[in-house]
file final.txt (compact mmCIF, C-alpha atoms and all ligand atoms)
# COMPACT_ATOMS: atom_id res chain seq x y z
CA MET M 1 110.47 103.99 118.26
CA THR M 2 111.70 103.75 121.88
CA LEU M 3 108.92 102.93 124.29
CA GLN M 4 108.92 102.56 128.05
CA LEU M 5 105.84 100.36 128.16
CA ARG M 6 105.98 96.73 127.05
CA VAL M 7 104.34 95.80 123.76
CA TYR M 8 104.12 92.07 123.09
CA VAL M 9 103.55 90.80 119.56
CA PRO M 10 103.15 87.05 120.13
CA ASP M 11 104.87 84.92 117.51
CA HIS M 12 102.03 82.43 117.12
CA PRO M 13 100.66 80.83 113.93
CA LEU M 14 97.02 81.10 115.05
CA ILE M 15 97.37 84.81 115.77
CA LYS M 16 99.10 85.42 112.43
CA HIS M 17 96.48 83.38 110.57
CA TRP M 18 93.46 85.16 112.04
CA LEU M 19 95.15 88.53 111.56
CA ALA M 20 95.59 87.73 107.85
CA VAL M 21 91.90 86.76 107.60
CA ALA M 22 90.86 89.99 109.35
CA ARG M 23 93.10 92.15 107.15
CA ASP M 24 91.76 90.72 103.88
CA ALA M 25 89.25 93.16 102.37
CA ASN M 26 87.42 90.20 100.78
CA THR M 27 86.67 88.55 104.13
CA PRO M 28 82.90 88.66 104.71
CA SER M 29 81.56 90.12 107.94
CA VAL M 30 80.67 86.76 109.51
CA LEU M 31 84.21 85.44 109.01
CA PHE M 32 85.70 88.76 110.13
CA LYS M 33 83.77 88.39 113.40
CA THR M 34 85.16 84.85 113.78
CA ALA M 35 88.68 86.18 113.22
CA MET M 36 88.19 88.84 115.92
CA THR M 37 86.81 86.25 118.35
CA GLU M 38 89.84 84.03 117.78
CA LEU M 39 92.24 86.97 118.13
CA GLY M 40 90.46 87.95 121.36
CA ARG M 41 90.92 84.41 122.64
CA TRP M 42 94.61 83.95 121.78
CA LEU M 43 95.68 87.45 122.78
CA THR M 44 93.86 87.03 126.12
CA TYR M 45 95.66 83.71 126.57
CA GLU M 46 98.99 85.47 126.06
CA ALA M 47 98.06 88.41 128.29
CA ALA M 48 96.96 86.14 131.15
CA ARG M 49 100.50 84.82 131.58
CA HIS M 50 102.09 86.36 134.71
CA TRP M 51 98.96 88.53 135.16
CA LEU M 52 96.15 86.30 136.39
CA PRO M 53 96.66 85.79 140.13
CA THR M 54 97.07 82.20 141.27
CA LEU M 55 97.25 80.42 144.60
CA GLU M 56 98.90 77.21 145.66
CA ALA M 57 96.66 74.44 146.98
CA THR M 58 96.54 70.69 147.36
CA VAL M 59 94.14 68.48 145.46
CA GLN M 60 93.27 64.85 145.90
CA THR M 61 93.58 62.92 142.64
CA PRO M 62 91.97 59.45 142.46
CA LEU M 63 95.40 58.12 143.48
CA ALA M 64 97.10 60.58 145.81
CA GLU M 65 97.22 64.09 147.16
CA CYS M 66 99.37 66.55 145.20
CA SER M 67 100.12 70.26 145.08
CA ALA M 68 98.26 72.34 142.50
CA THR M 69 98.03 75.90 141.20
CA LEU M 70 94.59 77.49 140.88
CA ILE M 71 93.26 80.89 139.76
CA ASP M 72 92.78 82.99 142.91
CA PRO M 73 88.99 83.63 143.05
CA GLU M 74 89.45 86.47 145.56
CA VAL M 75 91.23 88.82 143.16
CA PRO M 76 88.75 90.62 140.89
CA VAL M 77 89.21 90.50 137.13
CA ALA M 78 87.52 93.13 134.97
CA VAL M 79 87.17 93.21 131.20
CA VAL M 80 86.51 96.58 129.56
CA PRO M 81 85.44 96.36 125.90
CA ILE M 82 85.59 99.72 124.16
CA LEU M 83 82.47 99.95 122.01
CA ARG M 84 81.83 99.27 119.32
CA ALA M 85 84.80 97.40 117.93
CA GLY M 86 86.02 96.05 121.28
CA LEU M 87 82.83 93.98 121.51
CA ALA M 88 84.14 91.83 118.66
CA LEU M 89 87.00 90.61 120.92
CA LEU M 90 84.76 89.96 123.92
CA ASP M 91 83.52 86.43 123.14
CA GLY M 92 87.08 85.13 122.83
CA ALA M 93 88.23 86.87 126.03
CA GLN M 94 85.19 85.69 127.99
CA VAL M 95 85.81 82.04 127.13
CA LEU M 96 89.09 82.28 129.04
CA LEU M 97 87.88 84.64 131.79
CA PRO M 98 84.31 83.42 132.48
CA LEU M 99 84.19 84.92 135.97
CA ALA M 100 85.39 88.39 134.98
CA SER M 101 83.06 91.36 135.37
CA ILE M 102 82.36 93.14 132.09
CA TYR M 103 82.30 96.95 132.15
CA HIS M 104 81.28 98.52 128.83
CA LEU M 105 82.78 101.80 127.73
CA GLY M 106 81.36 103.53 124.65
CA ILE M 107 83.75 105.95 123.00
CA VAL M 108 83.17 107.51 119.60
CA ARG M 109 85.51 109.71 117.64
CA ASN M 110 84.44 112.67 115.59
CA GLU M 111 85.43 111.75 112.02
CA GLU M 112 86.52 115.33 111.26
CA THR M 113 88.33 116.42 114.42
CA LEU M 114 89.27 112.81 115.37
CA GLN M 115 88.52 113.83 118.99
CA PRO M 116 87.00 111.11 121.21
CA SER M 117 83.94 111.45 123.39
CA CYS M 118 82.49 108.98 125.88
CA TYR M 119 78.78 108.20 125.32
CA LEU M 120 78.44 105.18 127.66
CA ASN M 121 80.32 104.51 130.87
CA LYS M 122 79.47 101.38 132.90
CA LEU M 123 82.70 101.41 134.92
CA PRO M 124 82.36 100.94 138.68
CA GLU M 125 82.78 103.99 140.96
CA GLN M 126 86.02 102.45 142.23
CA PHE M 127 88.00 99.37 141.24
CA ALA M 128 88.92 97.18 144.21
CA CYS M 129 92.61 97.11 145.10
CA GLU M 130 94.58 94.60 142.97
CA THR M 131 91.84 94.34 140.30
CA ARG M 132 93.22 92.99 137.04
CA VAL M 133 91.78 95.02 134.14
CA LEU M 134 91.79 93.80 130.54
CA ILE M 135 90.91 96.47 127.96
CA LEU M 136 89.67 95.30 124.56
CA GLU M 137 90.42 97.83 121.82
CA PRO M 138 91.21 96.26 118.42
CA MET M 139 92.65 99.39 116.82
CA LEU M 140 95.22 101.53 118.66
CA ALA M 141 95.40 104.34 116.11
CA THR M 142 95.48 108.04 117.06
CA GLY M 143 95.36 107.12 120.74
CA GLY M 144 92.28 109.25 121.44
CA SER M 145 89.94 106.46 122.53
CA ILE M 146 92.45 104.45 124.50
CA MET M 147 93.78 107.52 126.35
CA THR M 148 90.18 108.43 127.27
CA ALA M 149 89.58 104.86 128.47
CA MET M 150 92.81 104.79 130.50
CA ALA M 151 91.92 108.12 132.12
CA GLU M 152 88.47 106.83 133.13
CA ILE M 153 89.88 103.55 134.49
CA THR M 154 92.82 105.00 136.42
CA ARG M 155 90.58 107.76 137.85
CA ARG M 156 88.59 104.90 139.43
CA GLY M 157 91.63 103.28 140.99
CA GLY M 158 92.76 101.01 138.13
CA ASP M 159 96.51 100.43 138.48
CA PRO M 160 98.30 100.80 135.09
CA ALA M 161 100.75 98.04 136.08
CA LEU M 162 97.81 95.62 136.46
CA ILE M 163 96.10 96.70 133.22
CA ARG M 164 96.57 94.72 130.01
CA ILE M 165 95.40 96.09 126.65
CA ILE M 166 94.52 93.74 123.84
CA SER M 167 94.61 95.18 120.36
CA VAL M 168 94.71 93.62 116.92
CA VAL M 169 96.60 96.39 115.11
CA ALA M 170 98.60 99.05 116.95
CA ALA M 171 100.21 102.15 115.47
CA PRO M 172 103.01 104.38 116.78
CA PRO M 173 100.92 107.50 117.67
CA ALA M 174 98.81 105.56 120.21
CA LEU M 175 101.78 103.57 121.53
CA ARG M 176 103.84 106.74 122.06
CA GLN M 177 101.09 108.49 124.04
CA LEU M 178 100.39 105.44 126.19
CA SER M 179 104.09 104.98 126.87
CA GLU M 180 104.59 108.59 127.96
CA LYS M 181 101.68 108.60 130.39
CA TYR M 182 101.59 104.93 131.52
CA PRO M 183 105.11 103.47 131.34
CA SER M 184 104.16 100.44 133.46
CA LEU M 185 101.42 99.33 131.03
CA ASN M 186 101.52 96.06 129.05
CA ILE M 187 99.99 95.74 125.57
CA TYR M 188 99.34 92.58 123.57
CA THR M 189 98.80 93.11 119.87
CA ALA M 190 98.78 90.91 116.78
CA ILE M 191 100.85 93.46 114.79
CA ILE M 192 102.33 96.95 114.89
CA ASP M 193 101.68 98.84 111.65
CA GLU M 194 103.59 101.78 110.27
CA GLY M 195 101.22 104.68 110.65
CA LEU M 196 97.94 106.42 109.91
CA ASN M 197 96.35 108.05 106.91
CA SER M 198 94.89 111.58 106.99
CA LYS M 199 91.57 110.22 108.32
CA GLY M 200 93.23 108.48 111.27
CA TYR M 201 92.96 104.97 109.82
CA ILE M 202 95.84 102.58 110.36
CA VAL M 203 97.71 101.67 107.15
CA PRO M 204 97.70 98.90 106.04
CA GLY M 205 95.45 98.08 109.04
CA LEU M 206 92.20 96.29 108.40
CA GLY M 207 89.76 99.13 107.78
CA ASP M 208 86.98 100.09 110.17
CA ALA M 209 86.91 97.23 112.68
CA GLY M 210 83.43 98.11 113.99
CA ASP M 211 81.86 98.36 110.55
CA ARG M 212 83.46 95.10 109.43
CA ALA M 213 82.54 93.17 112.59
CA PHE M 214 78.92 94.28 112.58
CA GLY M 215 78.37 94.56 108.81
CA THR M 216 77.22 98.19 108.95
N1 LIG M 301 89.53 102.47 114.05
C1 LIG M 301 89.34 101.50 113.13
O1 LIG M 301 88.35 100.78 113.17
N2 LIG M 301 90.26 101.36 112.16
C2 LIG M 301 91.38 102.13 112.09
O2 LIG M 301 92.20 101.93 111.19
C3 LIG M 301 91.55 103.13 113.06
C4 LIG M 301 90.61 103.29 114.04
call {"tool": "encode", "arguments": {"input": "final.txt", "output": "structure tokens"}}
result
Amino acid sequence: MTLQLRVYVPDHPLIKHWLAVARDANTPSVLFKTAMTELGRWLTYEAARHWLPTLEATVQTPLAECSATLIDPEVPVAVVPILRAGLALLDGAQVLLPLASIYHLGIVRNEETLQPSCYLNKLPEQFACETRVLILEPMLATGGSIMTAMAEITRRGGDPALIRIISVVAAPPALRQLSEKYPSLNIYTAIIDEGLNSKGYIVPGLGDAGDRAFGT
């Protein structure tokens, strides 16, 4: 699979461990939610590298003045969890980005046609210039939901080059579509799986991420 966009699969023992816990069909819902929180945290940590804007300053230590690098508070950071499953990654992302604005996007797919529709949209009318946008979507499967989310975000001024997507499991159909339309995008995922079954589930995947996270 040749892609124009960049897909990062961090080689990190904590990410691999929590992915294994999330994949295991015997993992109870409460532990599955913990695994998603941890994956949200570590994938956000990886995505923040070279993406969060910083500024150079000087600070006074108890002993001397020295130069320091701080997060630039003037540049807005937005987190967009795609409901429902994206909510499971939010706690982990928010720990690292406590000042980010959270814009919920509810997208559901019809289980027969697999077509997505947006039932909740809390995005702002317009994203401020330079806004960093982090999308939380654990399963990049058919691409329907994420392409709908990207269309809504870019229509409001979101710059694909400043958008990072965090997913837990990504599959080629979604990656191909994103790459064709948004070649400057960056994705951080715990794993890339082979493909989908006839119902649009990723195989081996981890099942229905929303159902498993919320025990429904
Ligand atoms: N959504 C899920 O929750 N799981 C999949 O495998 C695909 C889409």
call {"tool": "atom_distance", "arguments": {"input": "final.txt", "atom1": "atom CA of Leu196 of chain M", "atom2": "atom CA of Leu175 of chain M"}}
result
12.6 Å
call {"tool": "closest_atom_pairs", "arguments": {"input": "final.txt", "of": "chain M", "to": "ligand LIG 301 (chain M)", "cutoff": "7 Å", "atoms": "only C-alpha atoms and all ligand atoms", "output": "tab-separated table"}}
result
residue	atom	partner	partner_atom	distance
M:Ala85	CA	M:LIG301	O1	6.8
M:Met139	CA	M:LIG301	N1	5.2
M:Leu140	CA	M:LIG301	C4	6.8
M:Ala141	CA	M:LIG301	C3	5.1
M:Gly200	CA	M:LIG301	C3	5.9
M:Tyr201	CA	M:LIG301	O2	3.4
M:Ile202	CA	M:LIG301	O2	3.8
M:Val203	CA	M:LIG301	O2	6.8
M:Gly205	CA	M:LIG301	O2	5.5
M:Leu206	CA	M:LIG301	O2	6.3
M:Gly207	CA	M:LIG301	N2	4.9
M:Asp208	CA	M:LIG301	O1	3.4
M:Ala209	CA	M:LIG301	O1	3.9
M:Gly210	CA	M:LIG301	O1	5.7
call {"tool": "closest_residue", "arguments": {"input": "final.txt", "among": "M:Ile102, M:Ala128, M:Ala174, M:Leu70", "to": "Met150 of chain M", "atoms": "all atoms listed in the file"}}
result
M:Ala174
call {"tool": "residues_near_point", "arguments": {"input": "final.txt", "point": "(90.6, 92.1, 103.8)", "cutoff": "10 Å", "atoms": "only C-alpha atoms", "output": "VMD selection string"}}
result
chain M and resid 19 to 28 32 205 to 207 212
call {"tool": "atom_distance", "arguments": {"input": "final.txt", "atom1": "atom CA of Pro124 of chain M", "atom2": "atom CA of Tyr103 of chain M"}}
result
7.7 Å
call {"tool": "closest_residue", "arguments": {"input": "final.txt", "among": "M:Thr154, M:Ser67, M:Thr131, M:Asn121", "to": "Leu52 of chain M", "atoms": "only C-alpha atoms"}}
result
M:Thr131
call {"tool": "closest_residue", "arguments": {"input": "final.txt", "among": "M:His17, M:Lys181, M:Arg164, M:His12", "to": "Pro81 of chain M", "atoms": "only C-alpha atoms"}}
result
M:Arg164
call {"tool": "closest_residue", "arguments": {"input": "final.txt", "among": "M:Pro76, M:Ile15, M:Gly144, M:Pro204", "to": "Asn110 of chain M", "atoms": "all atoms listed in the file"}}
result
M:Gly144
call {"tool": "closest_residue", "arguments": {"input": "final.txt", "among": "M:Thr34, M:Ser29, M:Thr142, M:Ser101", "to": "Lys122 of chain M", "atoms": "all atoms listed in the file"}}
result
M:Ser101
call {"tool": "closest_residue", "arguments": {"input": "final.txt", "among": "M:Ala64, M:Val30, M:Ala48, M:Leu43", "to": "Tyr188 of chain M", "atoms": "all atoms listed in the file"}}
result
M:Leu43
call {"tool": "atom_distance", "arguments": {"input": "final.txt", "atom1": "atom CA of Asp72 of chain M", "atom2": "atom CA of Ala100 of chain M"}}
result
12.1 Å
call {"tool": "residues_around", "arguments": {"input": "final.txt", "residues": "His50 of chain M", "least_positions_apart": "4", "cutoff": "12 Å", "atoms": "all atoms listed in the file", "output": "ChimeraX atom specification"}}
result
/M:44-46,54,71,132,161-162,164,186
call {"tool": "write_last_selection", "arguments": {"input": "final.txt", "atoms": "C-alpha atoms", "output": "PDB file, in the coordinates of the input"}}
result
ATOM      1  CA  THR M  44      93.860  87.030 126.120  1.00  0.00           C
ATOM      2  CA  TYR M  45      95.660  83.710 126.570  1.00  0.00           C
ATOM      3  CA  GLU M  46      98.990  85.470 126.060  1.00  0.00           C
ATOM      4  CA  THR M  54      97.070  82.200 141.270  1.00  0.00           C
ATOM      5  CA  ILE M  71      93.260  80.890 139.760  1.00  0.00           C
ATOM      6  CA  ARG M 132      93.220  92.990 137.040  1.00  0.00           C
ATOM      7  CA  ALA M 161     100.750  98.040 136.080  1.00  0.00           C
ATOM      8  CA  LEU M 162      97.810  95.620 136.460  1.00  0.00           C
ATOM      9  CA  ARG M 164      96.570  94.720 130.010  1.00  0.00           C
ATOM     10  CA  ASN M 186     101.520  96.060 129.050  1.00  0.00           C
TER      11      ASN M 186
END
call {"tool": "residues_around", "arguments": {"input": "final.txt", "residues": "Asp91 of chain M", "least_positions_apart": "5", "cutoff": "10 Å", "atoms": "only C-alpha atoms", "output": "PyMOL selection string"}}
result
chain M and resi 33-34+36-38+40-41+96-98
call {"tool": "axis_aligned_box", "arguments": {"input": "final.txt", "around": "segment 68-86 of chain M", "padding_each_side": "4 Å", "output": "JSON"}}
result
{"center_x": 90.0, "center_y": 86.1, "center_z": 131.7, "size_x": 24.4, "size_y": 35.6, "size_z": 35.6}
